[in-house]
$ cat model_22.cif   # mmCIF, C-alpha atoms
data_protein
#
loop_
_atom_site.group_PDB
_atom_site.id
_atom_site.type_symbol
_atom_site.label_atom_id
_atom_site.label_comp_id
_atom_site.auth_asym_id
_atom_site.auth_seq_id
_atom_site.Cartn_x
_atom_site.Cartn_y
_atom_site.Cartn_z
ATOM 1 C CA SER A 38 116.012 90.603 -50.826
ATOM 2 C CA LEU A 39 117.489 91.254 -54.277
ATOM 3 C CA ALA A 40 120.295 93.412 -52.870
ATOM 4 C CA ALA A 41 121.155 90.721 -50.313
ATOM 5 C CA PHE A 42 121.463 88.223 -53.156
ATOM 6 C CA VAL A 43 123.337 90.323 -55.718
ATOM 7 C CA ILE A 44 125.968 91.915 -53.448
ATOM 8 C CA PRO A 45 127.986 88.696 -52.980
ATOM 9 C CA GLU A 46 127.006 87.491 -56.466
ATOM 10 C CA SER A 47 128.287 90.633 -58.187
ATOM 11 C CA LEU A 48 131.581 90.423 -56.286
ATOM 12 C CA ALA A 49 131.957 86.844 -57.524
ATOM 13 C CA TYR A 50 131.055 87.660 -61.146
ATOM 14 C CA ALA A 51 133.548 90.538 -61.242
ATOM 15 C CA SER A 52 136.244 88.204 -59.956
ATOM 16 C CA LEU A 53 135.187 85.636 -62.560
ATOM 17 C CA ALA A 54 135.739 88.317 -65.217
ATOM 18 C CA GLN A 55 139.203 88.867 -63.662
ATOM 19 C CA LEU A 56 138.282 92.413 -62.656
ATOM 20 C CA PRO A 57 138.354 94.146 -59.247
ATOM 21 C CA PRO A 58 135.404 92.770 -57.221
ATOM 22 C CA VAL A 59 133.956 96.232 -56.553
ATOM 23 C CA THR A 60 133.246 96.733 -60.283
ATOM 24 C CA GLY A 61 130.411 94.217 -59.955
ATOM 25 C CA LEU A 62 128.755 96.511 -57.413
ATOM 26 C CA TYR A 63 129.197 99.466 -59.783
ATOM 27 C CA CYS A 64 127.221 97.541 -62.410
ATOM 28 C CA TYR A 65 124.253 96.936 -60.130
ATOM 29 C CA LEU A 66 124.420 100.490 -58.821
ATOM 30 C CA VAL A 67 123.441 102.059 -62.158
ATOM 31 C CA ALA A 68 122.074 99.269 -64.400
ATOM 32 C CA GLY A 69 118.883 98.807 -62.393
ATOM 33 C CA ILE A 70 118.019 102.506 -62.442
ATOM 34 C CA ALA A 71 118.652 102.722 -66.197
ATOM 35 C CA TYR A 72 116.522 99.652 -66.890
ATOM 36 C CA ALA A 73 113.729 100.906 -64.617
ATOM 37 C CA LEU A 74 113.445 104.045 -66.761
ATOM 38 C CA PHE A 75 112.975 102.212 -70.072
ATOM 39 C CA GLY A 76 112.275 98.499 -69.480
ATOM 40 C CA THR A 77 108.918 96.778 -69.911
ATOM 41 C CA SER A 78 109.493 93.730 -67.696
ATOM 42 C CA ARG A 79 108.212 93.989 -64.137
ATOM 43 C CA GLN A 80 110.564 91.387 -62.685
ATOM 44 C CA LEU A 81 113.739 91.425 -64.809
ATOM 45 C CA ALA A 82 116.866 92.175 -62.745
ATOM 46 C CA VAL A 83 119.747 93.585 -64.796
ATOM 47 C CA GLY A 84 123.372 93.240 -63.752
ATOM 48 C CA PRO A 85 126.510 91.109 -64.261
ATOM 49 C CA THR A 86 125.981 87.542 -65.442
ATOM 50 C CA SER A 87 128.291 84.553 -65.438
ATOM 51 C CA SER A 88 128.157 84.150 -69.219
ATOM 52 C CA LEU A 89 129.182 87.749 -69.911
ATOM 53 C CA ALA A 90 131.887 87.533 -67.235
ATOM 54 C CA ILE A 91 133.377 84.524 -68.995
ATOM 55 C CA VAL A 92 133.377 86.240 -72.389
ATOM 56 C CA LEU A 93 135.113 89.280 -70.914
ATOM 57 C CA ALA A 94 137.722 87.223 -69.079
ATOM 58 C CA THR A 95 138.666 85.203 -72.137
ATOM 59 C CA SER A 96 138.490 87.895 -74.817
ATOM 60 C CA VAL A 97 138.894 91.382 -73.326
ATOM 61 C CA VAL A 98 140.789 91.229 -70.042
ATOM 62 C CA SER A 99 143.473 89.083 -71.641
ATOM 63 C CA LEU A 100 144.268 92.047 -73.937
ATOM 64 C CA ALA A 101 145.324 94.132 -70.934
ATOM 65 C CA ASP A 102 148.359 91.966 -70.081
ATOM 66 C CA GLY A 103 147.744 92.280 -66.358
ATOM 67 C CA ASP A 104 147.141 96.051 -66.346
ATOM 68 C CA VAL A 105 143.995 96.429 -64.218
ATOM 69 C CA ALA A 106 143.338 100.037 -65.243
ATOM 70 C CA ARG A 107 143.550 99.133 -68.918
ATOM 71 C CA ALA A 108 141.322 96.069 -68.405
ATOM 72 C CA MET A 109 138.670 98.233 -66.778
ATOM 73 C CA ALA A 110 138.883 100.757 -69.625
ATOM 74 C CA LEU A 111 138.491 97.997 -72.214
ATOM 75 C CA VAL A 112 135.480 96.331 -70.581
ATOM 76 C CA GLY A 113 133.904 99.749 -70.020
ATOM 77 C CA THR A 114 134.303 100.483 -73.713
ATOM 78 C CA VAL A 115 132.722 97.146 -74.617
ATOM 79 C CA ALA A 116 129.764 98.034 -72.369
ATOM 80 C CA LEU A 117 129.362 101.358 -74.181
ATOM 81 C CA MET A 118 129.526 99.579 -77.546
ATOM 82 C CA VAL A 119 126.919 97.042 -76.452
ATOM 83 C CA GLY A 120 124.710 99.930 -75.365
ATOM 84 C CA PHE A 121 124.993 101.801 -78.646
ATOM 85 C CA ILE A 122 124.495 98.627 -80.682
ATOM 86 C CA SER A 123 121.347 97.847 -78.681
ATOM 87 C CA ILE A 124 119.806 101.286 -79.093
ATOM 88 C CA ALA A 125 120.726 101.566 -82.770
ATOM 89 C CA GLY A 126 119.579 97.983 -83.340
ATOM 90 C CA ARG A 127 116.037 98.939 -82.413
ATOM 91 C CA PHE A 128 115.774 100.850 -85.677
ATOM 92 C CA VAL A 129 117.229 98.123 -87.921
ATOM 93 C CA GLY A 130 115.272 95.120 -86.660
ATOM 94 C CA LEU A 131 117.833 93.609 -84.267
ATOM 95 C CA ALA A 132 114.997 92.850 -81.861
ATOM 96 C CA ASN A 133 114.403 89.767 -84.009
ATOM 97 C CA ALA A 134 117.956 88.506 -83.421
ATOM 98 C CA ALA A 135 116.948 86.614 -80.299
ATOM 99 C CA TYR A 136 114.603 84.420 -82.327
ATOM 100 C CA PHE A 137 117.556 83.047 -84.312
ATOM 101 C CA ILE A 138 119.475 81.762 -81.292
ATOM 102 C CA SER A 139 118.385 78.136 -81.057
ATOM 103 C CA ASP A 140 117.857 76.273 -77.801
ATOM 104 C CA PRO A 141 120.674 73.768 -78.518
ATOM 105 C CA ILE A 142 123.105 76.679 -78.925
ATOM 106 C CA LEU A 143 122.002 78.228 -75.627
ATOM 107 C CA VAL A 144 122.143 74.888 -73.810
ATOM 108 C CA GLY A 145 125.583 74.183 -75.241
ATOM 109 C CA PHE A 146 126.862 77.600 -74.257
ATOM 110 C CA LYS A 147 125.480 77.368 -70.731
ATOM 111 C CA THR A 148 126.974 73.890 -70.302
ATOM 112 C CA GLY A 149 130.346 75.135 -71.501
ATOM 113 C CA ALA A 150 130.020 78.151 -69.214
ATOM 114 C CA ALA A 151 129.329 75.901 -66.225
ATOM 115 C CA LEU A 152 132.404 73.792 -66.947
ATOM 116 C CA TYR A 153 134.583 76.866 -67.439
ATOM 117 C CA ILE A 154 133.342 78.419 -64.196
ATOM 118 C CA ALA A 155 134.126 75.187 -62.360
ATOM 119 C CA SER A 156 137.653 75.113 -63.774
ATOM 120 C CA THR A 157 138.323 78.687 -62.592
ATOM 121 C CA GLN A 158 136.773 78.316 -59.130
ATOM 122 C CA LEU A 159 137.988 74.865 -58.095
ATOM 123 C CA PRO A 160 141.533 76.134 -57.396
ATOM 124 C CA LYS A 161 140.080 78.672 -54.922
ATOM 125 C CA LEU A 162 137.974 75.974 -53.293
ATOM 126 C CA PHE A 163 141.013 73.735 -52.785
ATOM 127 C CA GLY A 164 143.368 76.601 -51.915
ATOM 128 C CA ILE A 165 145.631 75.828 -54.872
ATOM 129 C CA THR A 166 147.575 78.657 -56.526
ATOM 130 C CA GLY A 167 149.300 79.088 -59.872
ATOM 131 C CA VAL A 168 146.537 77.510 -61.982
ATOM 132 C CA SER A 169 146.270 78.908 -65.523
ATOM 133 C CA GLY A 170 145.590 77.897 -69.118
ATOM 134 C CA ASN A 171 142.469 76.595 -70.829
ATOM 135 C CA PHE A 172 139.781 74.380 -69.319
ATOM 136 C CA PHE A 173 141.695 71.111 -69.747
ATOM 137 C CA GLU A 174 144.952 72.578 -68.448
ATOM 138 C CA ARG A 175 143.185 74.002 -65.402
ATOM 139 C CA VAL A 176 141.473 70.717 -64.546
ATOM 140 C CA PHE A 177 144.707 68.761 -65.020
ATOM 141 C CA HIS A 178 146.564 71.208 -62.780
ATOM 142 C CA VAL A 179 143.928 70.932 -60.050
ATOM 143 C CA VAL A 180 143.900 67.118 -60.173
ATOM 144 C CA SER A 181 147.684 66.866 -60.170
ATOM 145 C CA SER A 182 147.920 69.405 -57.316
ATOM 146 C CA LEU A 183 145.398 67.725 -55.011
ATOM 147 C CA PRO A 184 148.164 66.635 -52.591
ATOM 148 C CA GLN A 185 148.866 70.366 -52.050
ATOM 149 C CA THR A 186 145.243 71.083 -51.077
ATOM 150 C CA HIS A 187 144.907 73.669 -48.323
ATOM 151 C CA LEU A 188 142.602 71.723 -46.011
ATOM 152 C CA LEU A 189 141.300 74.752 -44.113
ATOM 153 C CA SER A 190 140.302 76.498 -47.358
ATOM 154 C CA LEU A 191 138.548 73.344 -48.536
ATOM 155 C CA THR A 192 136.735 73.057 -45.191
ATOM 156 C CA ILE A 193 135.466 76.638 -45.395
ATOM 157 C CA GLY A 194 134.351 76.138 -49.008
ATOM 158 C CA LEU A 195 132.543 72.865 -48.354
ATOM 159 C CA ALA A 196 130.851 74.346 -45.275
ATOM 160 C CA ALA A 197 129.589 77.244 -47.399
ATOM 161 C CA ILE A 198 128.233 74.851 -50.033
ATOM 162 C CA GLY A 199 126.480 72.844 -47.336
ATOM 163 C CA LEU A 200 124.913 75.976 -45.864
ATOM 164 C CA PHE A 201 123.816 77.248 -49.290
ATOM 165 C CA ILE A 202 122.027 73.986 -50.062
ATOM 166 C CA SER A 203 120.479 73.625 -46.606
ATOM 167 C CA PHE A 204 119.233 77.210 -46.381
ATOM 168 C CA GLU A 205 117.820 77.179 -49.910
ATOM 169 C CA ALA A 206 115.858 74.031 -49.099
ATOM 170 C CA ALA A 207 114.653 75.370 -45.759
ATOM 171 C CA PHE A 208 114.027 79.007 -46.752
ATOM 172 C CA PRO A 209 113.412 79.169 -50.515
ATOM 173 C CA GLY A 210 113.328 82.655 -51.976
ATOM 174 C CA ARG A 211 114.960 84.262 -48.947
ATOM 175 C CA PRO A 212 118.284 86.186 -49.003
ATOM 176 C CA THR A 213 120.166 83.221 -47.557
ATOM 177 C CA THR A 214 123.242 83.986 -49.669
ATOM 178 C CA LEU A 215 123.992 87.033 -47.544
ATOM 179 C CA VAL A 216 123.548 84.984 -44.365
ATOM 180 C CA VAL A 217 126.275 82.586 -45.503
ATOM 181 C CA VAL A 218 128.513 85.488 -46.520
ATOM 182 C CA VAL A 219 128.102 87.173 -43.125
ATOM 183 C CA ALA A 220 128.777 83.894 -41.321
ATOM 184 C CA ALA A 221 131.950 83.347 -43.353
ATOM 185 C CA ILE A 222 133.203 86.878 -42.667
ATOM 186 C CA LEU A 223 132.521 86.506 -38.939
ATOM 187 C CA ALA A 224 134.346 83.171 -38.819
ATOM 188 C CA MET A 225 137.344 84.629 -40.654
ATOM 189 C CA THR A 226 137.432 87.667 -38.355
ATOM 190 C CA VAL A 227 136.896 85.971 -35.009
ATOM 191 C CA PHE A 228 139.343 83.111 -35.603
ATOM 192 C CA HIS A 229 141.881 85.116 -37.704
ATOM 193 C CA LEU A 230 141.779 82.460 -40.406
ATOM 194 C CA ALA A 231 143.445 84.721 -42.995
ATOM 195 C CA ASP A 232 146.641 84.319 -40.955
ATOM 196 C CA ARG A 233 146.370 80.564 -41.541
ATOM 197 C CA GLY A 234 146.560 80.773 -45.328
ATOM 198 C CA ILE A 235 142.971 81.349 -46.501
ATOM 199 C CA HIS A 236 142.823 83.933 -49.286
ATOM 200 C CA ILE A 237 140.386 86.813 -48.774
ATOM 201 C CA VAL A 238 138.784 89.435 -51.026
ATOM 202 C CA GLY A 239 140.749 92.246 -49.365
ATOM 203 C CA ASP A 240 140.017 95.953 -49.389
ATOM 204 C CA LEU A 241 137.140 97.235 -51.514
ATOM 205 C CA PRO A 242 137.187 100.907 -52.522
ATOM 206 C CA THR A 243 134.577 102.974 -50.710
ATOM 207 C CA GLY A 244 132.485 105.671 -52.313
ATOM 208 C CA LEU A 245 130.552 105.941 -55.551
ATOM 209 C CA PRO A 246 132.290 105.615 -58.947
ATOM 210 C CA ASP A 247 133.135 108.633 -61.074
ATOM 211 C CA VAL A 248 131.204 109.197 -64.286
ATOM 212 C CA SER A 249 133.660 109.357 -67.183
ATOM 213 C CA LEU A 250 134.485 107.904 -70.583
ATOM 214 C CA PRO A 251 136.941 104.973 -70.582
ATOM 215 C CA HIS A 252 140.402 105.853 -71.896
ATOM 216 C CA ILE A 253 141.535 103.480 -74.645
ATOM 217 C CA HIS A 254 143.697 103.585 -77.777
ATOM 218 C CA VAL A 255 141.993 104.206 -81.096
ATOM 219 C CA SER A 256 143.597 100.983 -82.342
ATOM 220 C CA ASP A 257 141.610 99.036 -79.713
ATOM 221 C CA ILE A 258 138.252 99.882 -81.261
ATOM 222 C CA GLY A 259 138.573 97.492 -84.195
ATOM 223 C CA THR A 260 139.517 94.671 -81.848
ATOM 224 C CA LEU A 261 136.629 95.337 -79.482
ATOM 225 C CA ILE A 262 133.800 95.646 -82.046
ATOM 226 C CA PRO A 263 133.451 91.868 -82.725
ATOM 227 C CA ILE A 264 133.557 91.208 -78.973
ATOM 228 C CA ALA A 265 130.891 93.843 -78.374
ATOM 229 C CA LEU A 266 128.665 92.271 -81.037
ATOM 230 C CA ALA A 267 129.023 88.880 -79.356
ATOM 231 C CA CYS A 268 128.248 90.401 -75.950
ATOM 232 C CA PHE A 269 125.209 92.161 -77.424
ATOM 233 C CA LEU A 270 123.771 88.925 -78.829
ATOM 234 C CA LEU A 271 124.414 87.152 -75.547
ATOM 235 C CA ALA A 272 123.067 89.971 -73.355
ATOM 236 C CA TYR A 273 119.931 90.595 -75.388
ATOM 237 C CA GLY A 274 119.248 86.908 -76.013
ATOM 238 C CA GLU A 275 119.538 86.092 -72.325
ATOM 239 C CA SER A 276 117.567 89.158 -71.202
ATOM 240 C CA ILE A 277 114.654 88.745 -73.589
ATOM 241 C CA SER A 278 114.363 85.029 -72.808
ATOM 242 C CA VAL A 279 114.193 85.658 -69.060
ATOM 243 C CA ALA A 280 111.847 88.634 -69.469
ATOM 244 C CA ARG A 281 109.473 86.608 -71.650
ATOM 245 C CA SER A 282 109.351 83.682 -69.255
ATOM 246 C CA PHE A 283 108.357 85.864 -66.287
ATOM 247 C CA ALA A 284 105.938 87.936 -68.376
ATOM 248 C CA GLN A 285 104.152 84.720 -69.364
ATOM 249 C CA LYS A 286 104.093 83.617 -65.738
ATOM 250 C CA HIS A 287 102.370 86.827 -64.644
ATOM 251 C CA GLY A 288 100.186 87.314 -67.705
ATOM 252 C CA TYR A 289 101.466 90.488 -69.341
ATOM 253 C CA ASP A 290 103.377 91.405 -72.514
ATOM 254 C CA ILE A 291 106.808 92.915 -73.001
ATOM 255 C CA ASN A 292 108.014 95.084 -75.888
ATOM 256 C CA PRO A 293 111.140 93.569 -77.518
ATOM 257 C CA GLU A 294 112.074 96.848 -79.215
ATOM 258 C CA GLN A 295 111.775 98.777 -75.953
ATOM 259 C CA GLU A 296 113.837 96.096 -74.226
ATOM 260 C CA LEU A 297 116.654 96.861 -76.677
ATOM 261 C CA THR A 298 116.596 100.473 -75.531
ATOM 262 C CA ALA A 299 116.487 99.459 -71.873
ATOM 263 C CA ILE A 300 119.383 96.985 -72.116
ATOM 264 C CA GLY A 301 121.318 99.513 -74.195
ATOM 265 C CA THR A 302 120.820 102.296 -71.659
ATOM 266 C CA ALA A 303 121.837 100.002 -68.798
ATOM 267 C CA ASN A 304 125.085 99.101 -70.576
ATOM 268 C CA ILE A 305 125.897 102.712 -71.388
ATOM 269 C CA ALA A 306 125.364 103.588 -67.726
ATOM 270 C CA THR A 307 127.754 100.857 -66.556
ATOM 271 C CA GLY A 308 130.307 101.790 -69.213
ATOM 272 C CA LEU A 309 130.404 105.345 -67.870
ATOM 273 C CA THR A 310 130.771 104.282 -64.214
ATOM 274 C CA SER A 311 133.718 101.842 -64.277
ATOM 275 C CA GLY A 312 131.492 98.810 -64.850
ATOM 276 C CA PHE A 313 131.246 96.151 -67.547
ATOM 277 C CA PRO A 314 128.514 94.702 -69.825
ATOM 278 C CA VAL A 315 125.287 93.657 -68.093
ATOM 279 C CA ALA A 316 122.159 91.672 -68.943
ATOM 280 C CA GLY A 317 119.013 90.320 -67.347
ATOM 281 C CA GLY A 318 119.961 87.166 -65.444
ATOM 282 C CA MET A 319 117.770 84.219 -64.514
ATOM 283 C CA SER A 320 118.925 83.706 -60.924
ATOM 284 C CA GLN A 321 118.645 87.343 -59.828
ATOM 285 C CA THR A 322 115.319 87.744 -61.643
ATOM 286 C CA ALA A 323 113.963 84.668 -59.864
ATOM 287 C CA VAL A 324 115.012 86.162 -56.524
ATOM 288 C CA ASN A 325 113.370 89.459 -57.478
ATOM 289 C CA ASP A 326 110.164 87.664 -58.403
ATOM 290 C CA LEU A 327 110.116 85.534 -55.253
ATOM 291 C CA GLY A 328 110.599 88.715 -53.243
ATOM 292 C CA GLY A 329 107.336 90.034 -54.652
ATOM 293 C CA ALA A 330 108.604 92.538 -57.227
ATOM 294 C CA SER A 331 105.741 93.854 -59.357
ATOM 295 C CA SER A 332 107.508 96.761 -61.086
ATOM 296 C CA PRO A 333 111.049 97.950 -61.920
ATOM 297 C CA ALA A 334 110.886 100.094 -58.773
ATOM 298 C CA ALA A 335 112.431 97.084 -57.013
ATOM 299 C CA LEU A 336 115.599 97.694 -59.039
ATOM 300 C CA VAL A 337 115.744 101.300 -57.857
ATOM 301 C CA VAL A 338 115.519 100.144 -54.227
ATOM 302 C CA THR A 339 118.274 97.611 -54.915
ATOM 303 C CA SER A 340 120.477 100.343 -56.396
ATOM 304 C CA GLY A 341 119.917 102.388 -53.255
ATOM 305 C CA ALA A 342 121.040 99.473 -51.099
ATOM 306 C CA ILE A 343 124.138 99.032 -53.278
ATOM 307 C CA ALA A 344 124.919 102.753 -52.908
ATOM 308 C CA LEU A 345 124.704 102.475 -49.116
ATOM 309 C CA THR A 346 126.998 99.440 -49.237
ATOM 310 C CA LEU A 347 129.591 101.311 -51.317
ATOM 311 C CA LEU A 348 129.424 104.372 -49.064
ATOM 312 C CA TYR A 349 129.372 102.766 -45.632
ATOM 313 C CA PHE A 350 129.672 98.966 -45.626
ATOM 314 C CA ALA A 351 132.289 97.998 -48.256
ATOM 315 C CA ARG A 352 134.986 97.654 -45.610
ATOM 316 C CA PHE A 353 133.055 94.840 -43.940
ATOM 317 C CA PHE A 354 133.696 92.589 -46.973
ATOM 318 C CA HIS A 355 137.478 92.706 -46.471
ATOM 319 C CA ASN A 356 137.578 89.295 -44.756
ATOM 320 C CA LEU A 357 135.250 87.519 -47.178
ATOM 321 C CA PRO A 358 137.095 84.220 -47.917
ATOM 322 C CA GLU A 359 137.604 83.339 -51.583
ATOM 323 C CA PRO A 360 136.744 79.642 -51.006
#

$ encode --input "model_22.cif" --output "structure tokens"
Amino acid sequence: SLAAFVIPESLAYASLAQLPPVTGLYCYLVAGIAYALFGTSRQLAVGPTSSLAIVLATSVVSLADGDVARAMALVGTVALMVGFISIAGRFVGLANAAYFISDPILVGFKTGAALYIASTQLPKLFGITGVSGNFFERVFHVVSSLPQTHLLSLTIGLAAIGLFISFEAAFPGRPTTLVVVVAAILAMTVFHLADRGIHIVGDLPTGLPDVSLPHIHVSDIGTLIPIALACFLLAYGESISVARSFAQKHGYDINPEQELTAIGTANIATGLTSGFPVAGGMSQTAVNDLGGASSPAALVVTSGAIALTLLYFARFFHNLPEP
């Protein structure tokens, strides 16, 4: 159930970070195994999150000036930094950092994140191209370009939204996301809708990622350290909050210091396998919990399903429509 949910979600979050979609799968491939080795939460699912994707898109990927290889090296380095900060932070009391992030700050950030996500995804929903700039510029461009809406793209997008809402109401906790994704791919393939102007994900690389250190310039390190610190606070704050809420629900305790090690190890693993910073997310953890997860072994099974997807099924996502 978790794999069915996170496969399309991770593709979307990677695209939100302005990275190749397959890098989202790389994150889930290794992060779950790393967390399972060291984590103390029985339900927490660790992988890409929308908030981290936004931070990377606005602060790291923009440094690459359109060079995809350099962008991937930079975000991989940030993931490694987040991992080392997390592990080292265990010994200097950084586990207490989450207590100093107030609820109004988190609510404000999540609200801003929601608005930013909307501004980046609305052009895809309406089939409008050439949208750039900050939030206000994006929204203005979309509104002013409404007469150029690609009606077929909008139809596909609205149909997907309708199916998401209907299936979630009818089958709560089930992997309905994958059902919608499969239906969209089948519709695109059978009716050749890509030939009628609907943008698709395209080819995803097959096979497992190589394990290697990202290649960056020494001069990049100073620029990336403040970003890594921000990502660490966001990743740990989000992870520990979600882990605590589900631990309270099921009546057990988690170890904040050990969670630092677990989140750190997960980020180091993704940094070495062409991924980007990860954290424990609310939506994927809720799916994991509803699926009956009672130990981190569920994450290992999910990683296995991701590996099979990368080895044998990645080509089937070629016709996934962006709307």

$ resolve_selection --input "model_22.cif" --expression "the PyMOL selection byres ((chain A and resi 267) around 12)" --output "PyMOL selection string"
chain A and resi 88-89+92-93+96-97+115-116+118-119+122-123+134+261-266+268-274+314

$ resolve_selection --input "model_22.cif" --expression "the PyMOL selection byres ((chain A and resi 211) around 8)" --output "list in words"
Ser38, Glu205, Phe208, Pro209, Gly210, Pro212, Thr213, Val324 and Gly328 of chain A

$ resolve_selection --input "model_22.cif" --expression "the PyMOL selection byres ((chain A and resi 48) around 8)" --output "ChimeraX atom specification"
/A:44-47,49-52,58-62

$ residues_around --input "model_22.cif" --residues "segment 169-186 of chain A" --least-positions-apart "6" --cutoff "10 Å" --atoms "all atoms listed in the file" --output "PyMOL selection string"
chain A and resi 95+149+152-163

$ atom_distance --input "model_22.cif" --atom1 "atom CA of Ala224 of chain A" --atom2 "atom CA of Ile198 of chain A"
15.2 Å

$ closest_atom_pairs --input "model_22.cif" --of "segment 238-312 of chain A" --to "segment 69-79 of chain A" --cutoff "6 Å" --atoms "all atoms listed in the file" --output "JSON lines"
{"residue": "A:Ala280", "atom": "CA", "partner": "A:Ser78", "partner_atom": "CA", "distance": 5.9}
{"residue": "A:Ile291", "atom": "CA", "partner": "A:Thr77", "partner_atom": "CA", "distance": 5.4}
{"residue": "A:Glu296", "atom": "CA", "partner": "A:Gly76", "partner_atom": "CA", "distance": 5.5}
{"residue": "A:Ala299", "atom": "CA", "partner": "A:Phe75", "partner_atom": "CA", "distance": 4.8}
{"residue": "A:Thr302", "atom": "CA", "partner": "A:Ala71", "partner_atom": "CA", "distance": 5.9}
{"residue": "A:Ala303", "atom": "CA", "partner": "A:Ala71", "partner_atom": "CA", "distance": 4.9}

$ closest_residue --input "model_22.cif" --among "A:Pro293, A:Gly259, A:Gly130, A:Gly113" --to "Ile305 of chain A" --atoms "only C-alpha atoms"
A:Gly113

$ build_atoms --input "model_22.cif" --residues "segment 96-102 of chain A" --atoms "all heavy atoms" --output "PDB file, keeping the file's coordinate frame"
ATOM      1  N   SER A  96     138.279  87.151 -73.571  1.00  0.00           N
ATOM      2  CA  SER A  96     138.490  87.895 -74.817  1.00  0.00           C
ATOM      3  C   SER A  96     138.947  89.329 -74.616  1.00  0.00           C
ATOM      4  O   SER A  96     139.675  89.865 -75.457  1.00  0.00           O
ATOM      5  CB  SER A  96     137.184  87.919 -75.634  1.00  0.00           C
ATOM      6  OG  SER A  96     136.153  88.569 -74.915  1.00  0.00           O
ATOM      7  N   VAL A  97     138.567  89.962 -73.521  1.00  0.00           N
ATOM      8  CA  VAL A  97     138.894  91.382 -73.326  1.00  0.00           C
ATOM      9  C   VAL A  97     140.005  91.568 -72.305  1.00  0.00           C
ATOM     10  O   VAL A  97     141.020  92.213 -72.586  1.00  0.00           O
ATOM     11  CB  VAL A  97     137.635  92.173 -72.883  1.00  0.00           C
ATOM     12  CG1 VAL A  97     137.986  93.655 -72.716  1.00  0.00           C
ATOM     13  CG2 VAL A  97     136.530  92.020 -73.905  1.00  0.00           C
ATOM     14  N   VAL A  98     139.822  91.007 -71.109  1.00  0.00           N
ATOM     15  CA  VAL A  98     140.789  91.229 -70.042  1.00  0.00           C
ATOM     16  C   VAL A  98     142.163  90.699 -70.421  1.00  0.00           C
ATOM     17  O   VAL A  98     143.191  91.279 -70.033  1.00  0.00           O
ATOM     18  CB  VAL A  98     140.289  90.571 -68.731  1.00  0.00           C
ATOM     19  CG1 VAL A  98     141.309  90.733 -67.616  1.00  0.00           C
ATOM     20  CG2 VAL A  98     138.958  91.184 -68.316  1.00  0.00           C
ATOM     21  N   SER A  99     142.181  89.634 -71.211  1.00  0.00           N
ATOM     22  CA  SER A  99     143.473  89.083 -71.641  1.00  0.00           C
ATOM     23  C   SER A  99     144.261  90.071 -72.498  1.00  0.00           C
ATOM     24  O   SER A  99     145.498  89.974 -72.586  1.00  0.00           O
ATOM     25  CB  SER A  99     143.252  87.785 -72.412  1.00  0.00           C
ATOM     26  OG  SER A  99     142.419  87.997 -73.546  1.00  0.00           O
ATOM     27  N   LEU A 100     143.583  91.039 -73.118  1.00  0.00           N
ATOM     28  CA  LEU A 100     144.268  92.047 -73.937  1.00  0.00           C
ATOM     29  C   LEU A 100     145.034  93.045 -73.087  1.00  0.00           C
ATOM     30  O   LEU A 100     145.906  93.763 -73.605  1.00  0.00           O
ATOM     31  CB  LEU A 100     143.246  92.808 -74.801  1.00  0.00           C
ATOM     32  CG  LEU A 100     142.440  91.995 -75.818  1.00  0.00           C
ATOM     33  CD1 LEU A 100     141.402  92.885 -76.480  1.00  0.00           C
ATOM     34  CD2 LEU A 100     143.364  91.398 -76.863  1.00  0.00           C
ATOM     35  N   ALA A 101     144.717  93.120 -71.796  1.00  0.00           N
ATOM     36  CA  ALA A 101     145.324  94.132 -70.934  1.00  0.00           C
ATOM     37  C   ALA A 101     146.677  93.716 -70.386  1.00  0.00           C
ATOM     38  O   ALA A 101     147.384  94.536 -69.804  1.00  0.00           O
ATOM     39  CB  ALA A 101     144.381  94.451 -69.785  1.00  0.00           C
ATOM     40  N   ASP A 102     147.053  92.450 -70.551  1.00  0.00           N
ATOM     41  CA  ASP A 102     148.359  91.966 -70.081  1.00  0.00           C
ATOM     42  C   ASP A 102     148.602  92.287 -68.608  1.00  0.00           C
ATOM     43  O   ASP A 102     149.697  92.721 -68.212  1.00  0.00           O
ATOM     44  CB  ASP A 102     149.495  92.549 -70.930  1.00  0.00           C
ATOM     45  CG  ASP A 102     149.432  92.098 -72.380  1.00  0.00           C
ATOM     46  OD1 ASP A 102     149.057  90.941 -72.609  1.00  0.00           O
ATOM     47  OD2 ASP A 102     149.739  92.907 -73.277  1.00  0.00           O
TER      48      ASP A 102
END
